[in-house]
>>> print(open('data25.cif').read())   # mmCIF, C-alpha atoms
data_entry
loop_
_atom_site.group_PDB
_atom_site.id
_atom_site.type_symbol
_atom_site.label_atom_id
_atom_site.label_comp_id
_atom_site.auth_asym_id
_atom_site.auth_seq_id
_atom_site.Cartn_x
_atom_site.Cartn_y
_atom_site.Cartn_z
ATOM 1 C CA TRP A 1098 3.863 -10.743 -29.973
ATOM 2 C CA VAL A 1099 6.139 -12.253 -27.331
ATOM 3 C CA ALA A 1100 7.695 -11.011 -24.108
ATOM 4 C CA VAL A 1101 11.463 -11.357 -23.715
ATOM 5 C CA LYS A 1102 13.277 -11.275 -20.365
ATOM 6 C CA ILE A 1103 17.010 -10.665 -20.613
ATOM 7 C CA GLN A 1104 19.301 -10.999 -17.639
ATOM 8 C CA ARG A 1105 21.992 -8.350 -17.448
ATOM 9 C CA ARG A 1106 25.592 -9.450 -17.748
ATOM 10 C CA ARG A 1107 27.456 -10.132 -14.514
ATOM 11 C CA VAL A 1108 24.259 -9.982 -12.451
ATOM 12 C CA ARG A 1109 24.838 -13.488 -11.139
ATOM 13 C CA GLN A 1110 28.401 -12.650 -10.105
ATOM 14 C CA LEU A 1111 27.216 -9.516 -8.313
ATOM 15 C CA VAL A 1112 24.486 -11.418 -6.493
ATOM 16 C CA GLU A 1113 26.917 -14.151 -5.438
ATOM 17 C CA ARG A 1114 29.280 -11.473 -4.126
ATOM 18 C CA ASP A 1115 26.483 -9.887 -2.093
ATOM 19 C CA LEU A 1116 25.394 -13.256 -0.721
ATOM 20 C CA ALA A 1117 28.969 -14.036 0.303
ATOM 21 C CA LEU A 1118 29.109 -10.678 2.095
ATOM 22 C CA ILE A 1119 25.844 -11.397 3.938
ATOM 23 C CA ASN A 1120 27.114 -14.813 5.027
ATOM 24 C CA ALA A 1121 30.360 -13.246 6.254
ATOM 25 C CA ILE A 1122 28.367 -10.798 8.373
ATOM 26 C CA VAL A 1123 26.314 -13.661 9.825
ATOM 27 C CA ASP A 1124 29.501 -15.601 10.658
ATOM 28 C CA PHE A 1125 30.859 -12.514 12.399
ATOM 29 C CA LEU A 1126 27.655 -12.083 14.417
ATOM 30 C CA ARG A 1127 27.796 -15.727 15.460
ATOM 31 C CA SER A 1128 31.309 -15.137 16.791
ATOM 32 C CA VAL A 1129 30.351 -12.135 18.960
ATOM 33 C CA VAL A 1130 26.678 -12.780 19.812
ATOM 34 C CA PRO A 1131 25.527 -15.703 21.990
ATOM 35 C CA GLY A 1132 24.717 -18.624 19.714
ATOM 36 C CA ARG A 1133 21.364 -19.156 21.355
ATOM 37 C CA LEU A 1134 20.215 -15.683 20.349
ATOM 38 C CA VAL A 1135 21.342 -16.153 16.744
ATOM 39 C CA ASP A 1136 19.571 -19.517 16.590
ATOM 40 C CA LEU A 1137 16.435 -18.041 18.162
ATOM 41 C CA VAL A 1138 15.899 -15.459 15.436
ATOM 42 C CA GLY A 1139 16.702 -18.101 12.801
ATOM 43 C CA LEU A 1140 19.327 -15.867 11.222
ATOM 44 C CA VAL A 1141 21.378 -18.654 9.660
ATOM 45 C CA ASP A 1142 18.347 -20.455 8.221
ATOM 46 C CA SER A 1143 16.855 -17.176 7.004
ATOM 47 C CA VAL A 1144 20.025 -16.234 5.122
ATOM 48 C CA ARG A 1145 20.216 -19.725 3.650
ATOM 49 C CA LEU A 1146 16.614 -19.510 2.436
ATOM 50 C CA PHE A 1147 17.146 -15.988 1.089
ATOM 51 C CA SER A 1148 20.174 -17.222 -0.870
ATOM 52 C CA VAL A 1149 18.116 -20.021 -2.382
ATOM 53 C CA PHE A 1150 15.370 -17.593 -3.397
ATOM 54 C CA MET A 1151 17.815 -15.166 -5.010
ATOM 55 C CA ARG A 1152 19.491 -17.909 -7.034
ATOM 56 C CA GLU A 1153 16.153 -19.362 -8.119
ATOM 57 C CA GLN A 1154 14.930 -15.947 -9.258
ATOM 58 C CA MET A 1155 17.905 -15.726 -11.642
ATOM 59 C CA ASP A 1156 17.237 -19.204 -13.041
ATOM 60 C CA PHE A 1157 15.035 -18.591 -16.106
ATOM 61 C CA ALA A 1158 14.774 -22.318 -16.835
ATOM 62 C CA ARG A 1159 13.201 -22.770 -13.407
ATOM 63 C CA GLU A 1160 10.844 -19.849 -14.054
ATOM 64 C CA ALA A 1161 9.725 -21.510 -17.292
ATOM 65 C CA ASP A 1162 9.049 -24.730 -15.375
ATOM 66 C CA ASN A 1163 7.105 -22.721 -12.770
ATOM 67 C CA MET A 1164 4.876 -21.237 -15.480
ATOM 68 C CA THR A 1165 4.067 -24.712 -16.753
ATOM 69 C CA ARG A 1166 3.340 -25.996 -13.273
ATOM 70 C CA PHE A 1167 1.049 -23.062 -12.416
ATOM 71 C CA GLN A 1168 -0.836 -23.607 -15.669
ATOM 72 C CA ARG A 1169 -1.242 -27.280 -14.807
ATOM 73 C CA ASN A 1170 -2.383 -26.515 -11.253
ATOM 74 C CA PHE A 1171 -5.077 -24.115 -12.479
ATOM 75 C CA ALA A 1172 -6.057 -25.970 -15.654
ATOM 76 C CA ASN A 1173 -9.351 -27.223 -14.208
ATOM 77 C CA SER A 1174 -9.981 -24.336 -11.844
ATOM 78 C CA LYS A 1175 -13.046 -22.119 -12.196
ATOM 79 C CA LEU A 1176 -11.042 -19.123 -11.002
ATOM 80 C CA LYS A 1177 -10.535 -16.354 -13.576
ATOM 81 C CA VAL A 1178 -6.761 -16.484 -13.445
ATOM 82 C CA SER A 1179 -4.121 -17.307 -16.044
ATOM 83 C CA PHE A 1180 -0.346 -17.451 -16.467
ATOM 84 C CA PRO A 1181 2.024 -16.815 -19.398
ATOM 85 C CA SER A 1182 3.356 -19.762 -21.388
ATOM 86 C CA PRO A 1183 7.112 -20.324 -21.771
ATOM 87 C CA LEU A 1184 8.307 -20.466 -25.382
ATOM 88 C CA HIS A 1185 12.096 -20.647 -25.191
ATOM 89 C CA VAL A 1186 14.977 -20.498 -22.726
ATOM 90 C CA SER A 1187 18.470 -19.815 -24.049
ATOM 91 C CA PRO A 1188 21.178 -22.438 -23.346
ATOM 92 C CA CYS A 1189 22.960 -19.972 -21.059
ATOM 93 C CA GLY A 1190 19.729 -19.480 -19.097
ATOM 94 C CA MET A 1191 19.896 -15.689 -19.381
ATOM 95 C CA VAL A 1192 17.103 -15.162 -21.929
ATOM 96 C CA LEU A 1193 13.488 -16.227 -21.470
ATOM 97 C CA VAL A 1194 10.855 -15.896 -24.204
ATOM 98 C CA GLU A 1195 7.226 -16.193 -23.141
ATOM 99 C CA THR A 1196 3.797 -15.334 -24.459
ATOM 100 C CA PHE A 1197 2.903 -11.641 -24.382
ATOM 101 C CA GLU A 1198 0.002 -11.086 -22.020
ATOM 102 C CA THR A 1199 -2.269 -8.091 -22.531
ATOM 103 C CA GLY A 1200 -3.848 -6.107 -19.743
ATOM 104 C CA GLU A 1201 -3.246 -3.304 -17.292
ATOM 105 C CA THR A 1202 -1.134 -3.881 -14.219
ATOM 106 C CA LEU A 1203 -3.241 -3.951 -11.090
ATOM 107 C CA SER A 1204 -1.058 -1.234 -9.559
ATOM 108 C CA ALA A 1205 -1.804 1.127 -12.484
ATOM 109 C CA PHE A 1206 -5.467 0.076 -12.454
ATOM 110 C CA LEU A 1207 -5.838 0.991 -8.783
ATOM 111 C CA ALA A 1208 -3.873 4.224 -9.119
ATOM 112 C CA ALA A 1209 -6.157 5.357 -11.948
ATOM 113 C CA GLY A 1210 -9.316 4.427 -10.030
ATOM 114 C CA HIS A 1211 -10.709 2.455 -12.954
ATOM 115 C CA GLY A 1212 -12.612 -0.096 -10.905
ATOM 116 C CA SER A 1213 -16.154 0.029 -9.571
ATOM 117 C CA PRO A 1214 -16.802 -1.386 -6.077
ATOM 118 C CA LYS A 1215 -18.391 -4.459 -7.672
ATOM 119 C CA LEU A 1216 -15.462 -5.060 -10.017
ATOM 120 C CA ASN A 1217 -12.904 -4.483 -7.260
ATOM 121 C CA ALA A 1218 -14.725 -6.955 -5.020
ATOM 122 C CA GLU A 1219 -14.684 -9.578 -7.777
ATOM 123 C CA MET A 1220 -10.986 -9.064 -8.439
ATOM 124 C CA GLY A 1221 -10.268 -9.186 -4.720
ATOM 125 C CA SER A 1222 -12.090 -12.488 -4.413
ATOM 126 C CA VAL A 1223 -10.228 -13.955 -7.395
ATOM 127 C CA GLY A 1224 -6.875 -12.797 -6.008
ATOM 128 C CA VAL A 1225 -7.472 -14.118 -2.500
ATOM 129 C CA ARG A 1226 -8.828 -17.474 -3.661
ATOM 130 C CA THR A 1227 -5.960 -17.872 -6.110
ATOM 131 C CA PHE A 1228 -3.440 -17.337 -3.326
ATOM 132 C CA LEU A 1229 -5.263 -19.688 -0.945
ATOM 133 C CA LYS A 1230 -5.380 -22.429 -3.576
ATOM 134 C CA MET A 1231 -1.639 -22.053 -4.110
ATOM 135 C CA VAL A 1232 -0.941 -22.298 -0.374
ATOM 136 C CA LEU A 1233 -3.513 -24.788 0.916
ATOM 137 C CA ILE A 1234 -4.153 -27.078 -2.070
ATOM 138 C CA ASP A 1235 -1.169 -26.987 -4.415
ATOM 139 C CA ASN A 1236 1.688 -26.280 -1.973
ATOM 140 C CA PHE A 1237 3.211 -24.175 -4.746
ATOM 141 C CA CYS A 1238 2.863 -20.492 -3.917
ATOM 142 C CA HIS A 1239 3.886 -17.397 -5.854
ATOM 143 C CA SER A 1240 6.108 -15.513 -3.408
ATOM 144 C CA ASP A 1241 6.023 -12.081 -5.041
ATOM 145 C CA LEU A 1242 2.319 -11.515 -5.619
ATOM 146 C CA HIS A 1243 2.255 -7.712 -5.512
ATOM 147 C CA PRO A 1244 -0.018 -5.565 -7.773
ATOM 148 C CA GLY A 1245 2.798 -4.931 -10.270
ATOM 149 C CA ASN A 1246 2.920 -8.663 -11.051
ATOM 150 C CA ILE A 1247 -0.800 -8.935 -11.773
ATOM 151 C CA LEU A 1248 -2.556 -7.880 -14.987
ATOM 152 C CA VAL A 1249 -6.263 -7.011 -15.204
ATOM 153 C CA ARG A 1250 -7.799 -8.398 -18.392
ATOM 154 C CA LYS A 1251 -10.944 -6.928 -19.966
ATOM 155 C CA ASP A 1252 -12.778 -7.379 -23.249
ATOM 156 C CA GLU A 1253 -13.514 -4.602 -25.748
ATOM 157 C CA LYS A 1254 -16.644 -3.640 -23.829
ATOM 158 C CA GLY A 1255 -14.749 -3.314 -20.564
ATOM 159 C CA ASN A 1256 -16.075 -6.516 -19.021
ATOM 160 C CA PHE A 1257 -13.749 -8.242 -16.553
ATOM 161 C CA LEU A 1258 -12.148 -11.353 -18.032
ATOM 162 C CA GLY A 1259 -9.744 -12.262 -15.263
ATOM 163 C CA LEU A 1260 -6.294 -11.758 -13.768
ATOM 164 C CA THR A 1261 -2.948 -12.796 -15.237
ATOM 165 C CA VAL A 1262 -0.097 -13.513 -12.824
ATOM 166 C CA LEU A 1263 3.407 -12.640 -14.012
ATOM 167 C CA ASP A 1264 7.005 -13.078 -12.840
ATOM 168 C CA VAL A 1265 6.714 -16.559 -11.355
ATOM 169 C CA GLY A 1266 10.411 -17.111 -10.734
ATOM 170 C CA LEU A 1267 10.039 -16.852 -6.958
ATOM 171 C CA VAL A 1268 7.885 -19.561 -5.355
ATOM 172 C CA THR A 1269 7.548 -21.257 -1.989
ATOM 173 C CA GLU A 1270 7.104 -25.006 -1.698
ATOM 174 C CA LEU A 1271 7.114 -26.720 1.695
ATOM 175 C CA SER A 1272 8.067 -30.274 2.537
ATOM 176 C CA SER A 1273 5.143 -32.616 3.148
ATOM 177 C CA ARG A 1274 5.657 -32.351 6.910
ATOM 178 C CA ASP A 1275 5.910 -28.556 6.905
ATOM 179 C CA GLN A 1276 2.924 -28.261 4.564
ATOM 180 C CA ARG A 1277 0.791 -30.345 6.935
ATOM 181 C CA ASN A 1278 1.948 -28.252 9.882
ATOM 182 C CA PHE A 1279 1.248 -24.985 8.097
ATOM 183 C CA VAL A 1280 -2.238 -26.056 6.975
ATOM 184 C CA ASP A 1281 -3.120 -27.227 10.481
ATOM 185 C CA LEU A 1282 -1.853 -23.965 11.979
ATOM 186 C CA PHE A 1283 -3.682 -21.897 9.362
ATOM 187 C CA ALA A 1284 -6.855 -23.899 9.962
ATOM 188 C CA ALA A 1285 -6.635 -23.400 13.722
ATOM 189 C CA VAL A 1286 -6.462 -19.625 13.238
ATOM 190 C CA ALA A 1287 -9.165 -19.622 10.536
ATOM 191 C CA THR A 1288 -11.574 -21.517 12.776
ATOM 192 C CA GLY A 1289 -10.832 -19.256 15.741
ATOM 193 C CA ASN A 1290 -9.039 -21.882 17.835
ATOM 194 C CA GLY A 1291 -6.156 -19.790 19.170
ATOM 195 C CA LYS A 1292 -5.201 -22.257 21.877
ATOM 196 C CA LEU A 1293 -4.763 -25.033 19.335
ATOM 197 C CA ALA A 1294 -2.733 -22.695 17.104
ATOM 198 C CA GLY A 1295 -0.327 -22.005 19.978
ATOM 199 C CA GLN A 1296 -0.117 -25.678 20.903
ATOM 200 C CA LEU A 1297 0.706 -26.628 17.311
ATOM 201 C CA MET A 1298 3.523 -24.072 17.186
ATOM 202 C CA ILE A 1299 5.011 -25.642 20.322
ATOM 203 C CA GLU A 1300 4.295 -29.342 19.803
ATOM 204 C CA ARG A 1301 5.667 -29.509 16.279
ATOM 205 C CA LEU A 1302 9.081 -28.140 17.121
ATOM 206 C CA ASP A 1303 11.900 -30.667 17.159
ATOM 207 C CA SER A 1304 13.369 -31.535 20.554
ATOM 208 C CA GLN A 1305 16.369 -29.219 20.115
ATOM 209 C CA ARG A 1306 14.214 -26.183 19.351
ATOM 210 C CA LEU A 1307 11.645 -27.081 21.981
ATOM 211 C CA ALA A 1308 14.379 -27.018 24.636
ATOM 212 C CA ARG A 1309 14.985 -23.313 23.882
ATOM 213 C CA CYS A 1310 11.375 -22.294 24.601
ATOM 214 C CA LYS A 1311 10.615 -20.330 27.730
ATOM 215 C CA ASP A 1312 7.242 -21.063 29.390
ATOM 216 C CA PRO A 1313 5.437 -22.921 26.545
ATOM 217 C CA GLU A 1314 2.116 -22.705 28.406
ATOM 218 C CA GLY A 1315 2.426 -18.927 28.668
ATOM 219 C CA PHE A 1316 3.109 -18.754 24.935
ATOM 220 C CA VAL A 1317 0.015 -20.835 24.132
ATOM 221 C CA GLU A 1318 -2.153 -18.583 26.284
ATOM 222 C CA GLY A 1319 -0.688 -15.521 24.598
ATOM 223 C CA ILE A 1320 -1.499 -16.838 21.114
ATOM 224 C CA ASN A 1321 -4.980 -17.788 22.280
ATOM 225 C CA ALA A 1322 -5.556 -14.248 23.586
ATOM 226 C CA VAL A 1323 -4.466 -12.688 20.261
ATOM 227 C CA VAL A 1324 -6.637 -14.970 18.111
ATOM 228 C CA SER A 1325 -9.648 -14.743 20.440
ATOM 229 C CA LYS A 1326 -9.527 -10.943 20.449
ATOM 230 C CA VAL A 1327 -9.453 -10.793 16.653
ATOM 231 C CA ARG A 1328 -12.144 -13.446 16.320
ATOM 232 C CA LEU A 1329 -14.621 -11.155 18.064
ATOM 233 C CA ASP A 1330 -14.349 -8.727 15.150
ATOM 234 C CA SER A 1331 -13.793 -11.388 12.466
ATOM 235 C CA PHE A 1332 -10.790 -11.267 10.135
ATOM 236 C CA ARG A 1333 -12.431 -8.787 7.756
ATOM 237 C CA LEU A 1334 -9.785 -6.373 6.494
ATOM 238 C CA ASP A 1335 -11.898 -3.338 7.392
ATOM 239 C CA ARG A 1336 -12.021 -4.513 11.014
ATOM 240 C CA VAL A 1337 -8.549 -5.903 11.621
ATOM 241 C CA GLN A 1338 -5.032 -5.373 10.294
ATOM 242 C CA ILE A 1339 -3.526 -8.815 9.874
ATOM 243 C CA GLY A 1340 -0.071 -7.258 9.783
ATOM 244 C CA LEU A 1341 -0.561 -5.953 13.328
ATOM 245 C CA VAL A 1342 -1.873 -9.344 14.460
ATOM 246 C CA LEU A 1343 1.214 -11.028 13.027
ATOM 247 C CA GLU A 1344 3.366 -8.413 14.762
ATOM 248 C CA GLN A 1345 1.778 -9.428 18.083
ATOM 249 C CA VAL A 1346 2.457 -13.079 17.293
ATOM 250 C CA LEU A 1347 6.096 -12.333 16.464
ATOM 251 C CA SER A 1348 6.411 -10.404 19.727
ATOM 252 C CA LEU A 1349 5.232 -13.515 21.581
ATOM 253 C CA VAL A 1350 7.703 -15.603 19.582
ATOM 254 C CA ARG A 1351 10.509 -13.273 20.682
ATOM 255 C CA ASP A 1352 9.426 -13.037 24.326
ATOM 256 C CA TYR A 1353 8.980 -16.794 24.780
ATOM 257 C CA HIS A 1354 11.965 -17.856 22.604
ATOM 258 C CA VAL A 1355 9.910 -19.893 20.126
ATOM 259 C CA PRO A 1356 11.892 -20.504 16.905
ATOM 260 C CA ILE A 1357 10.028 -20.212 13.586
ATOM 261 C CA ASP A 1358 10.840 -22.017 10.349
ATOM 262 C CA PRO A 1359 11.981 -19.438 7.748
ATOM 263 C CA ALA A 1360 9.715 -21.038 5.113
ATOM 264 C CA PHE A 1361 6.746 -20.319 7.394
ATOM 265 C CA THR A 1362 7.950 -16.743 7.736
ATOM 266 C CA ASN A 1363 8.028 -16.379 3.962
ATOM 267 C CA LEU A 1364 4.413 -17.508 3.689
ATOM 268 C CA VAL A 1365 3.440 -15.122 6.493
ATOM 269 C CA LEU A 1366 5.034 -12.278 4.553
ATOM 270 C CA SER A 1367 3.079 -13.372 1.476
ATOM 271 C CA ILE A 1368 -0.126 -13.145 3.521
ATOM 272 C CA VAL A 1369 0.834 -9.612 4.563
ATOM 273 C CA VAL A 1370 1.278 -8.669 0.878
ATOM 274 C CA LEU A 1371 -2.079 -10.284 0.141
ATOM 275 C CA GLU A 1372 -3.659 -8.247 2.924
ATOM 276 C CA GLY A 1373 -2.446 -5.019 1.348
ATOM 277 C CA LEU A 1374 -3.807 -6.074 -2.020
ATOM 278 C CA GLY A 1375 -7.142 -7.158 -0.572
ATOM 279 C CA ARG A 1376 -7.495 -3.978 1.446
ATOM 280 C CA GLN A 1377 -7.165 -1.871 -1.719
ATOM 281 C CA LEU A 1378 -9.711 -3.930 -3.653
ATOM 282 C CA ASP A 1379 -12.329 -4.935 -1.094
ATOM 283 C CA PRO A 1380 -11.835 -4.140 2.616
ATOM 284 C CA THR A 1381 -14.743 -6.426 3.559
ATOM 285 C CA ILE A 1382 -12.831 -9.553 2.474
ATOM 286 C CA ASP A 1383 -12.130 -12.008 5.289
ATOM 287 C CA ILE A 1384 -9.068 -13.947 4.142
ATOM 288 C CA PHE A 1385 -9.434 -16.737 6.686
ATOM 289 C CA ARG A 1386 -13.139 -17.172 6.063
ATOM 290 C CA GLU A 1387 -12.456 -17.460 2.340
ATOM 291 C CA ALA A 1388 -10.180 -20.366 3.266
ATOM 292 C CA LEU A 1389 -12.838 -22.338 5.151
ATOM 293 C CA PRO A 1390 -14.348 -24.118 2.107
ATOM 294 C CA LEU A 1391 -10.843 -25.235 1.098
ATOM 295 C CA LEU A 1392 -10.141 -26.527 4.597
ATOM 296 C CA TRP A 1393 -13.401 -28.456 4.389
ATOM 297 C CA ARG A 1394 -12.146 -30.152 1.224
ATOM 298 C CA ILE A 1395 -8.580 -31.004 2.136
ATOM 299 C CA ASN A 1396 -8.906 -32.510 5.603
ATOM 300 C CA LYS A 1397 -11.839 -34.350 7.153
ATOM 301 C CA SER A 1398 -10.624 -33.510 10.654
ATOM 302 C CA TRP A 1399 -11.277 -29.816 9.977
ATOM 303 C CA ARG A 1400 -14.783 -30.198 8.514
ATOM 304 C CA ILE A 1401 -16.770 -29.765 11.715
ATOM 305 C CA ALA A 1402 -14.640 -26.821 12.855
ATOM 306 C CA ALA A 1403 -14.903 -25.207 9.416
ATOM 307 C CA MET A 1404 -18.671 -25.666 9.376
ATOM 308 C CA HIS A 1405 -19.010 -24.053 12.820
ATOM 309 C CA ALA A 1406 -16.747 -21.179 11.786
ATOM 310 C CA MET A 1407 -18.729 -20.539 8.597
ATOM 311 C CA THR A 1408 -21.962 -20.614 10.570
ATOM 312 C CA ARG A 1409 -20.519 -18.210 13.140
ATOM 313 C CA GLY A 1410 -19.405 -15.904 10.338
ATOM 314 C CA ARG A 1411 -22.876 -15.786 8.750
ATOM 315 C CA SER A 1412 -24.585 -15.114 12.064
ATOM 316 C CA SER A 1413 -22.236 -12.184 12.813
ATOM 317 C CA GLU A 1414 -22.920 -10.369 9.532
#
>>> encode(input="data25.cif", output="structure tokens")
Amino acid sequence: WVAVKIQRRRVRQLVERDLALINAIVDFLRSVVPGRLVDLVGLVDSVRLFSVFMREQMDFAREADNMTRFQRNFANSKLKVSFPSPLHVSPCGMVLVETFETGETLSAFLAAGHGSPKLNAEMGSVGVRTFLKMVLIDNFCHSDLHPGNILVRKDEKGNFLGLTVLDVGLVTELSSRDQRNFVDLFAAVATGNGKLAGQLMIERLDSQRLARCKDPEGFVEGINAVVSKVRLDSFRLDRVQIGLVLEQVLSLVRDYHVPIDPAFTNLVLSIVVLEGLGRQLDPTIDIFREALPLLWRINKSWRIAAMHAMTRGRSSE
């Protein structure tokens, strides 16, 4: 058996028309709204990034390459996760043939209540660690990791074999500089250092964007207050809603005029999706604590902080 994805005729033309309409609206807003406000919310960059994502999602040759790259990234991983294999892409790029993967979609699995608490916890751990490896180690992250794009694989006896990730056409990959900045910011939050997280968001802006900020010190203190408050309860999903925390951060960004890179925003949205998935499977998962062993591996400068954070986490349980 194989799986065949066929792109409908004229879809690309329709998407290009919609993108042109969106860009026209942005140009109109720039003509009637103060430029500083438009630049602050990153509207132009966000539309540009959205256009790139939409075009990439229609590129089946790119999706085939993504499958191969994900397989390579996880070839030596102990995580119970797999990806389809590309078999053929038509010359026009509108037909993709890939291996047929068996299993039940995670969305259907959860709706039917098939999982025991133990099984759900294992799947939650696999899902979270898979995402963190994509973001922190590989810098090649699936950007549409919702339950409908994940299959649960079992053997004939019902034993859990692993997860299969589908629909890999949409990915996020940061530049080396942005990847380093994101990892450092993520690590600062994961280790409970809110002040450093705020400082990194300010210090790593270019001079043009930094000039737009209002009261950088007040912004840093605000971020520190948000992270410190959450740290008291840990980042366990049954104790904190990461979406609400991110909403507080975005409020600070708006109030203090701190621009955010759209690529960062996309990863933040991916974390919000991951939170929803983790909350359904195992509310006791602490996404940031799960990241600490990876932070220990990838950067020596974070080892002491990661060790202290892991020790603090064990003592609070």
>>> residues_near_point(input="data25.cif", point="(12.5, -17.9, -16.7)", cutoff="6 Å", atoms="only C-alpha atoms", output="NGL selection string")
:A and (1157-1161 or 1193)
>>> resolve_selection(input="data25.cif", expression="the PyMOL selection byres ((chain A and resi 1281) around 10)", output="list in words")
Leu1233, Asp1275, Gln1276, Arg1277, Asn1278, Phe1279, Val1280, Leu1282, Phe1283, Ala1284, Ala1285, Val1286, Ala1287, Leu1293, Ala1294, Leu1297, Met1298, Leu1392, Asn1396, Ser1398 and Trp1399 of chain A
>>> closest_atom_pairs(input="data25.cif", of="range 1219-1326 of chain A", to="range 1169-1182 of chain A", cutoff="6 Å", atoms="only C-alpha atoms", output="CSV")
residue,atom,partner,partner_atom,distance
A:Gly1259,CA,A:Lys1177,CA,4.5
A:Leu1260,CA,A:Val1178,CA,4.8
A:Thr1261,CA,A:Ser1179,CA,4.7
A:Val1262,CA,A:Phe1180,CA,5.4
>>> closest_residue(input="data25.cif", among="A:Gly1212, A:Gly1373, A:Pro1244, A:Gly1319", to="Gly1291 in chain A", atoms="only C-alpha atoms")
A:Gly1319
>>> closest_residue(input="data25.cif", among="A:Val1099, A:Ala1205, A:Val1225, A:Leu1349", to="Arg1386 in chain A", atoms="only C-alpha atoms")
A:Val1225
>>> residues_around(input="data25.cif", residues="Ser1204 in chain A", least_positions_apart="4", cutoff="9 Å", atoms="all atoms listed in the file", output="ChimeraX atom specification")
/A:1208-1209,1243-1248
>>> atom_distance(input="data25.cif", atom1="CA of Asp1235 in chain A", atom2="CA of Val1265 in chain A")
14.8 Å
>>> atom_distance(input="data25.cif", atom1="CA of Glu1201 in chain A", atom2="CA of Val1249 in chain A")
5.2 Å
